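These notes are about the structure you will find just below.
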Amino acid sequence: MAVLVLSHKPAPDPQDSLSVLLEFVSGISGTLAMVRSSPTYFRLHAFARNASAEVLSRTDLVLRRSGAEPQHLSFSPVDSVRINLEAFADAVAGVSPYPISTSEMLDTAAAFEAIAEAAKSNGGLQEV
């Protein structure tokens, strides 16, 4: 993992940007980027050999496939916090397993900690 932090304001102002290059166990790579000094914005774009899926908002998705026009899909908004709490309650009650395994939770926490540690290391490029 490589982490790059760029800051153009002195502390304690927020960092201007954070970029993370990830390589997963499978060999697939991913990029995370954050810009804190702009209005709220998020985007998720997943790429495959002949297609991609781009999340533009909490309810809008664009599917692109080779040789086809992009598909713009809109979904009804959902309360993801409520859904998560209900799934947790069902798991505690033994109704159904929680959709995220304990090992996946631990992997996510470890990745976040590694990113945070690398970002603290001189605020620059750091391989972990």
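Residues are referred to by chain and number: the chain letter is A, B, ... according to the order shown in the structure tokens, the number counts from 1 in that chain, and ligands are numbered separately from 1 in the order shown.
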Report the closest atom pair, with its distance in Å rounded to one decimal, for each residue of segment 71-99 of chain A that has an atom no farther than 10 Å from segment 36-59 of chain A; count only C-alpha atoms, sort by chain and then rising residue number, and write it as JSON lines.
{"residue": "A:Gln71", "atom": "CA", "partner": "A:Ala53", "partner_atom": "CA", "distance": 9.5}
{"residue": "A:His72", "atom": "CA", "partner": "A:Glu54", "partner_atom": "CA", "distance": 9.6}
{"residue": "A:Leu73", "atom": "CA", "partner": "A:Thr59", "partner_atom": "CA", "distance": 8.2}
{"residue": "A:Ser74", "atom": "CA", "partner": "A:Thr59", "partner_atom": "CA", "distance": 5.5}
{"residue": "A:Phe75", "atom": "CA", "partner": "A:Thr59", "partner_atom": "CA", "distance": 4.9}
{"residue": "A:Ser76", "atom": "CA", "partner": "A:Thr59", "partner_atom": "CA", "distance": 6.3}
{"residue": "A:Pro77", "atom": "CA", "partner": "A:Thr59", "partner_atom": "CA", "distance": 5.9}
{"residue": "A:Val78", "atom": "CA", "partner": "A:Arg58", "partner_atom": "CA", "distance": 8.6}
Selected residues, N, CA, C and O atoms, written as a PDB file, in the first residue's frame, please.
ATOM      1  N   GLN A  71     -25.761   2.810 -19.356  1.00  0.00           N
ATOM      2  CA  GLN A  71     -27.068   2.705 -18.704  1.00  0.00           C
ATOM      3  C   GLN A  71     -27.040   3.553 -17.448  1.00  0.00           C
ATOM      4  O   GLN A  71     -26.178   3.354 -16.592  1.00  0.00           O
ATOM      5  N   HIS A  72     -27.988   4.477 -17.326  1.00  0.00           N
ATOM      6  CA  HIS A  72     -28.119   5.296 -16.124  1.00  0.00           C
ATOM      7  C   HIS A  72     -29.256   4.715 -15.292  1.00  0.00           C
ATOM      8  O   HIS A  72     -30.398   4.668 -15.748  1.00  0.00           O
ATOM      9  N   LEU A  73     -28.943   4.260 -14.099  1.00  0.00           N
ATOM     10  CA  LEU A  73     -29.936   3.646 -13.225  1.00  0.00           C
ATOM     11  C   LEU A  73     -30.110   4.493 -11.974  1.00  0.00           C
ATOM     12  O   LEU A  73     -29.141   4.992 -11.408  1.00  0.00           O
ATOM     13  N   SER A  74     -31.377   4.653 -11.562  1.00  0.00           N
ATOM     14  CA  SER A  74     -31.679   5.372 -10.326  1.00  0.00           C
ATOM     15  C   SER A  74     -32.424   4.435  -9.397  1.00  0.00           C
ATOM     16  O   SER A  74     -33.297   3.669  -9.828  1.00  0.00           O
ATOM     17  N   PHE A  75     -32.085   4.500  -8.122  1.00  0.00           N
ATOM     18  CA  PHE A  75     -32.691   3.643  -7.112  1.00  0.00           C
ATOM     19  C   PHE A  75     -33.354   4.502  -6.046  1.00  0.00           C
ATOM     20  O   PHE A  75     -32.961   5.657  -5.825  1.00  0.00           O
ATOM     21  N   SER A  76     -34.314   3.929  -5.376  1.00  0.00           N
ATOM     22  CA  SER A  76     -34.952   4.627  -4.260  1.00  0.00           C
ATOM     23  C   SER A  76     -33.962   4.729  -3.119  1.00  0.00           C
ATOM     24  O   SER A  76     -33.196   3.801  -2.865  1.00  0.00           O
ATOM     25  N   PRO A  77     -33.969   5.845  -2.400  1.00  0.00           N
ATOM     26  CA  PRO A  77     -33.057   5.960  -1.257  1.00  0.00           C
ATOM     27  C   PRO A  77     -33.427   4.968  -0.158  1.00  0.00           C
ATOM     28  O   PRO A  77     -34.592   4.608   0.001  1.00  0.00           O
ATOM     29  N   VAL A  78     -32.413   4.507   0.569  1.00  0.00           N
ATOM     30  CA  VAL A  78     -32.637   3.592   1.686  1.00  0.00           C
ATOM     31  C   VAL A  78     -31.913   4.143   2.916  1.00  0.00           C
ATOM     32  O   VAL A  78     -30.948   4.890   2.797  1.00  0.00           O
TER      33      VAL A  78
END
List every residue of segment 31-100 of chain A that has an atom at most 12 Å from any atom of segment 107-121 of chain A, and for each one report the closest atom pair and its distance in Å to one decimal, counting only C-alpha atoms, with rows sorted by chain and then by increasing residue number, as CSV.
residue,atom,partner,partner_atom,distance
A:Leu32,CA,A:Ile115,CA,10.3
A:Ala33,CA,A:Ile115,CA,11.6
A:Ile100,CA,A:Thr108,CA,10.6
Alpha helix (DSSP H) residues, from DSSP on the backbone, in segment 88-119 of chain A, as a PyMOL selection string: chain A and resi 88-92+102-119
Given the selection you just returned, output its residues as a file containing all heavy atoms, formatted as a compact mmCIF listing (two decimals), in the first residue's frame.
# COMPACT_ATOMS: atom_id res chain seq x y z
N PHE A 88 -27.74 -6.49 12.29
CA PHE A 88 -27.03 -6.80 13.52
C PHE A 88 -27.98 -7.44 14.54
O PHE A 88 -27.65 -8.45 15.17
CB PHE A 88 -26.39 -5.53 14.10
CG PHE A 88 -25.62 -5.77 15.36
CD1 PHE A 88 -24.38 -6.39 15.33
CD2 PHE A 88 -26.15 -5.40 16.58
CE1 PHE A 88 -23.67 -6.62 16.50
CE2 PHE A 88 -25.45 -5.62 17.76
CZ PHE A 88 -24.21 -6.23 17.72
N ALA A 89 -29.18 -6.87 14.69
CA ALA A 89 -30.17 -7.41 15.62
C ALA A 89 -30.56 -8.83 15.22
O ALA A 89 -30.69 -9.72 16.08
CB ALA A 89 -31.39 -6.51 15.68
N ASP A 90 -30.75 -9.07 13.92
CA ASP A 90 -31.08 -10.42 13.44
C ASP A 90 -29.95 -11.41 13.73
O ASP A 90 -30.19 -12.56 14.09
CB ASP A 90 -31.37 -10.40 11.94
CG ASP A 90 -32.72 -9.77 11.61
OD1 ASP A 90 -33.55 -9.57 12.53
OD2 ASP A 90 -32.94 -9.46 10.42
N ALA A 91 -28.70 -10.95 13.61
CA ALA A 91 -27.57 -11.83 13.90
C ALA A 91 -27.50 -12.15 15.38
O ALA A 91 -27.28 -13.31 15.76
CB ALA A 91 -26.26 -11.17 13.43
N VAL A 92 -27.71 -11.16 16.23
CA VAL A 92 -27.69 -11.38 17.67
C VAL A 92 -28.80 -12.33 18.09
O VAL A 92 -28.62 -13.21 18.95
CB VAL A 92 -27.81 -10.04 18.43
CG1 VAL A 92 -28.05 -10.26 19.92
CG2 VAL A 92 -26.56 -9.19 18.21
N THR A 102 -16.57 -11.60 10.56
CA THR A 102 -15.63 -11.02 11.53
C THR A 102 -14.27 -10.79 10.89
O THR A 102 -13.64 -9.74 11.10
CB THR A 102 -15.50 -11.95 12.76
OG1 THR A 102 -16.79 -12.13 13.33
CG2 THR A 102 -14.57 -11.36 13.79
N SER A 103 -13.80 -11.73 10.09
CA SER A 103 -12.49 -11.55 9.45
C SER A 103 -12.51 -10.37 8.48
O SER A 103 -11.52 -9.64 8.37
CB SER A 103 -12.03 -12.82 8.76
OG SER A 103 -12.87 -13.15 7.69
N GLU A 104 -13.62 -10.15 7.77
CA GLU A 104 -13.72 -8.99 6.88
C GLU A 104 -13.71 -7.69 7.68
O GLU A 104 -13.10 -6.70 7.27
CB GLU A 104 -14.99 -9.07 6.03
CG GLU A 104 -14.95 -10.16 4.99
CD GLU A 104 -16.29 -10.40 4.31
OE1 GLU A 104 -17.35 -10.21 4.95
OE2 GLU A 104 -16.28 -10.78 3.14
N MET A 105 -14.36 -7.68 8.84
CA MET A 105 -14.34 -6.49 9.70
C MET A 105 -12.92 -6.21 10.18
O MET A 105 -12.47 -5.06 10.17
CB MET A 105 -15.26 -6.69 10.90
CG MET A 105 -16.72 -6.68 10.58
SD MET A 105 -17.65 -6.87 12.12
CE MET A 105 -18.93 -7.97 11.60
N LEU A 106 -12.22 -7.26 10.61
CA LEU A 106 -10.85 -7.08 11.10
C LEU A 106 -9.92 -6.63 9.98
O LEU A 106 -9.04 -5.78 10.19
CB LEU A 106 -10.35 -8.37 11.74
CG LEU A 106 -11.07 -8.77 13.03
CD1 LEU A 106 -10.62 -10.16 13.48
CD2 LEU A 106 -10.82 -7.75 14.13
N ASP A 107 -10.10 -7.16 8.78
CA ASP A 107 -9.29 -6.74 7.63
C ASP A 107 -9.52 -5.26 7.32
O ASP A 107 -8.58 -4.52 7.02
CB ASP A 107 -9.62 -7.58 6.39
CG ASP A 107 -9.10 -9.00 6.48
OD1 ASP A 107 -8.25 -9.29 7.36
OD2 ASP A 107 -9.56 -9.84 5.68
N THR A 108 -10.77 -4.83 7.38
CA THR A 108 -11.11 -3.43 7.12
C THR A 108 -10.47 -2.52 8.16
O THR A 108 -9.87 -1.48 7.81
CB THR A 108 -12.63 -3.23 7.10
OG1 THR A 108 -13.19 -4.05 6.06
CG2 THR A 108 -13.01 -1.78 6.84
N ALA A 109 -10.57 -2.90 9.43
CA ALA A 109 -9.96 -2.11 10.50
C ALA A 109 -8.44 -2.06 10.33
O ALA A 109 -7.81 -1.00 10.50
CB ALA A 109 -10.33 -2.68 11.86
N ALA A 110 -7.81 -3.18 9.98
CA ALA A 110 -6.36 -3.22 9.78
C ALA A 110 -5.94 -2.33 8.61
O ALA A 110 -4.93 -1.62 8.70
CB ALA A 110 -5.90 -4.65 9.56
N ALA A 111 -6.71 -2.34 7.54
CA ALA A 111 -6.40 -1.49 6.39
C ALA A 111 -6.52 -0.02 6.77
O ALA A 111 -5.65 0.80 6.43
CB ALA A 111 -7.32 -1.82 5.21
N PHE A 112 -7.57 0.33 7.50
CA PHE A 112 -7.74 1.72 7.94
C PHE A 112 -6.59 2.15 8.83
O PHE A 112 -6.04 3.24 8.68
CB PHE A 112 -9.08 1.88 8.67
CG PHE A 112 -9.31 3.28 9.15
CD1 PHE A 112 -9.74 4.26 8.28
CD2 PHE A 112 -9.08 3.61 10.48
CE1 PHE A 112 -9.94 5.56 8.73
CE2 PHE A 112 -9.28 4.91 10.93
CZ PHE A 112 -9.71 5.89 10.05
N GLU A 113 -6.19 1.29 9.76
CA GLU A 113 -5.08 1.62 10.66
C GLU A 113 -3.78 1.79 9.87
O GLU A 113 -2.98 2.69 10.17
CB GLU A 113 -4.92 0.54 11.73
CG GLU A 113 -6.03 0.57 12.77
CD GLU A 113 -5.95 -0.60 13.75
OE1 GLU A 113 -5.11 -1.50 13.57
OE2 GLU A 113 -6.74 -0.59 14.70
N ALA A 114 -3.55 0.94 8.88
CA ALA A 114 -2.33 1.04 8.07
C ALA A 114 -2.33 2.34 7.27
O ALA A 114 -1.29 3.00 7.15
CB ALA A 114 -2.22 -0.16 7.13
N ILE A 115 -3.48 2.73 6.75
CA ILE A 115 -3.58 4.00 6.01
C ILE A 115 -3.30 5.17 6.95
O ILE A 115 -2.52 6.07 6.62
CB ILE A 115 -4.98 4.14 5.35
CG1 ILE A 115 -5.12 3.13 4.21
CG2 ILE A 115 -5.20 5.56 4.84
CD1 ILE A 115 -6.55 2.97 3.71
N ALA A 116 -3.92 5.15 8.13
CA ALA A 116 -3.72 6.24 9.09
C ALA A 116 -2.25 6.32 9.52
O ALA A 116 -1.68 7.42 9.62
CB ALA A 116 -4.62 6.04 10.30
N GLU A 117 -1.62 5.20 9.77
CA GLU A 117 -0.21 5.18 10.18
C GLU A 117 0.69 5.69 9.07
O GLU A 117 1.61 6.48 9.31
CB GLU A 117 0.20 3.77 10.60
CG GLU A 117 1.54 3.70 11.29
CD GLU A 117 1.62 4.53 12.56
OE1 GLU A 117 0.63 4.60 13.31
OE2 GLU A 117 2.69 5.13 12.80
N ALA A 118 0.43 5.26 7.85
CA ALA A 118 1.23 5.71 6.71
C ALA A 118 1.05 7.21 6.48
O ALA A 118 2.00 7.92 6.17
CB ALA A 118 0.87 4.93 5.45
N ALA A 119 -0.17 7.71 6.67
CA ALA A 119 -0.44 9.14 6.48
C ALA A 119 0.29 9.98 7.52
O ALA A 119 0.70 11.10 7.23
CB ALA A 119 -1.94 9.40 6.54
One-decimal distance in Å that lies between atom CA of Thr31 of chain A and atom CA of Val62 of chain A: 19.0 Å
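Each of A:Ile28, A:Met34, A:Pro70, A:Leu85 was compared to Asp16 of chain A using only C-alpha atoms, and A:Met34 turns out to be the nearest.
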DSSP-assigned strand (DSSP E) members of chain A, reported as an MDAnalysis selection string: chainID A and resid 2:6 17:23 29:35 44:47 51:55 60:65 71:74 126:127
Generate the output file for the selected residues, C-alpha atoms, as a PDB file, in the first residue's frame.
ATOM      1  CA  ALA A   2       1.229   3.488  -0.797  1.00  0.00           C
ATOM      2  CA  VAL A   3      -0.227   6.587   0.855  1.00  0.00           C
ATOM      3  CA  LEU A   4       0.303  10.183  -0.219  1.00  0.00           C
ATOM      4  CA  VAL A   5      -0.871  13.137   1.881  1.00  0.00           C
ATOM      5  CA  LEU A   6      -0.708  16.644   0.415  1.00  0.00           C
ATOM      6  CA  SER A  17      -6.019  15.527   0.054  1.00  0.00           C
ATOM      7  CA  LEU A  18      -5.184  11.898   0.713  1.00  0.00           C
ATOM      8  CA  SER A  19      -4.499   9.265  -1.946  1.00  0.00           C
ATOM      9  CA  VAL A  20      -4.114   5.545  -1.266  1.00  0.00           C
ATOM     10  CA  LEU A  21      -3.002   2.910  -3.753  1.00  0.00           C
ATOM     11  CA  LEU A  22      -4.007  -0.575  -2.645  1.00  0.00           C
ATOM     12  CA  GLU A  23      -2.982  -3.988  -3.912  1.00  0.00           C
ATOM     13  CA  SER A  29      -5.328  -2.871  -7.370  1.00  0.00           C
ATOM     14  CA  GLY A  30      -7.553  -0.084  -6.137  1.00  0.00           C
ATOM     15  CA  THR A  31      -7.307   3.622  -5.438  1.00  0.00           C
ATOM     16  CA  LEU A  32      -8.905   5.616  -2.647  1.00  0.00           C
ATOM     17  CA  ALA A  33      -8.852   9.400  -2.757  1.00  0.00           C
ATOM     18  CA  MET A  34     -10.157  12.039  -0.382  1.00  0.00           C
ATOM     19  CA  VAL A  35     -10.377  15.795  -0.713  1.00  0.00           C
ATOM     20  CA  LEU A  44     -17.133   4.696  -6.511  1.00  0.00           C
ATOM     21  CA  HIS A  45     -15.998   3.391  -9.878  1.00  0.00           C
ATOM     22  CA  ALA A  46     -15.283  -0.311 -10.363  1.00  0.00           C
ATOM     23  CA  PHE A  47     -13.592  -1.490 -13.562  1.00  0.00           C
ATOM     24  CA  ALA A  51     -17.423  -3.073 -18.272  1.00  0.00           C
ATOM     25  CA  SER A  52     -17.463  -0.588 -15.441  1.00  0.00           C
ATOM     26  CA  ALA A  53     -19.950   0.544 -12.803  1.00  0.00           C
ATOM     27  CA  GLU A  54     -19.858   4.093 -11.463  1.00  0.00           C
ATOM     28  CA  VAL A  55     -21.775   5.209  -8.392  1.00  0.00           C
ATOM     29  CA  ASP A  60     -27.513   6.901  -9.080  1.00  0.00           C
ATOM     30  CA  LEU A  61     -25.408   4.354 -10.959  1.00  0.00           C
ATOM     31  CA  VAL A  62     -23.956   4.306 -14.475  1.00  0.00           C
ATOM     32  CA  LEU A  63     -23.139   0.937 -16.080  1.00  0.00           C
ATOM     33  CA  ARG A  64     -20.820   0.959 -19.071  1.00  0.00           C
ATOM     34  CA  ARG A  65     -20.287  -2.118 -21.232  1.00  0.00           C
ATOM     35  CA  GLN A  71     -27.068   2.705 -18.704  1.00  0.00           C
ATOM     36  CA  HIS A  72     -28.119   5.296 -16.124  1.00  0.00           C
ATOM     37  CA  LEU A  73     -29.936   3.646 -13.225  1.00  0.00           C
ATOM     38  CA  SER A  74     -31.679   5.372 -10.326  1.00  0.00           C
ATOM     39  CA  GLN A 126       4.845   5.776   2.482  1.00  0.00           C
ATOM     40  CA  GLU A 127       4.740   2.142   1.478  1.00  0.00           C
TER      41      GLU A 127
END
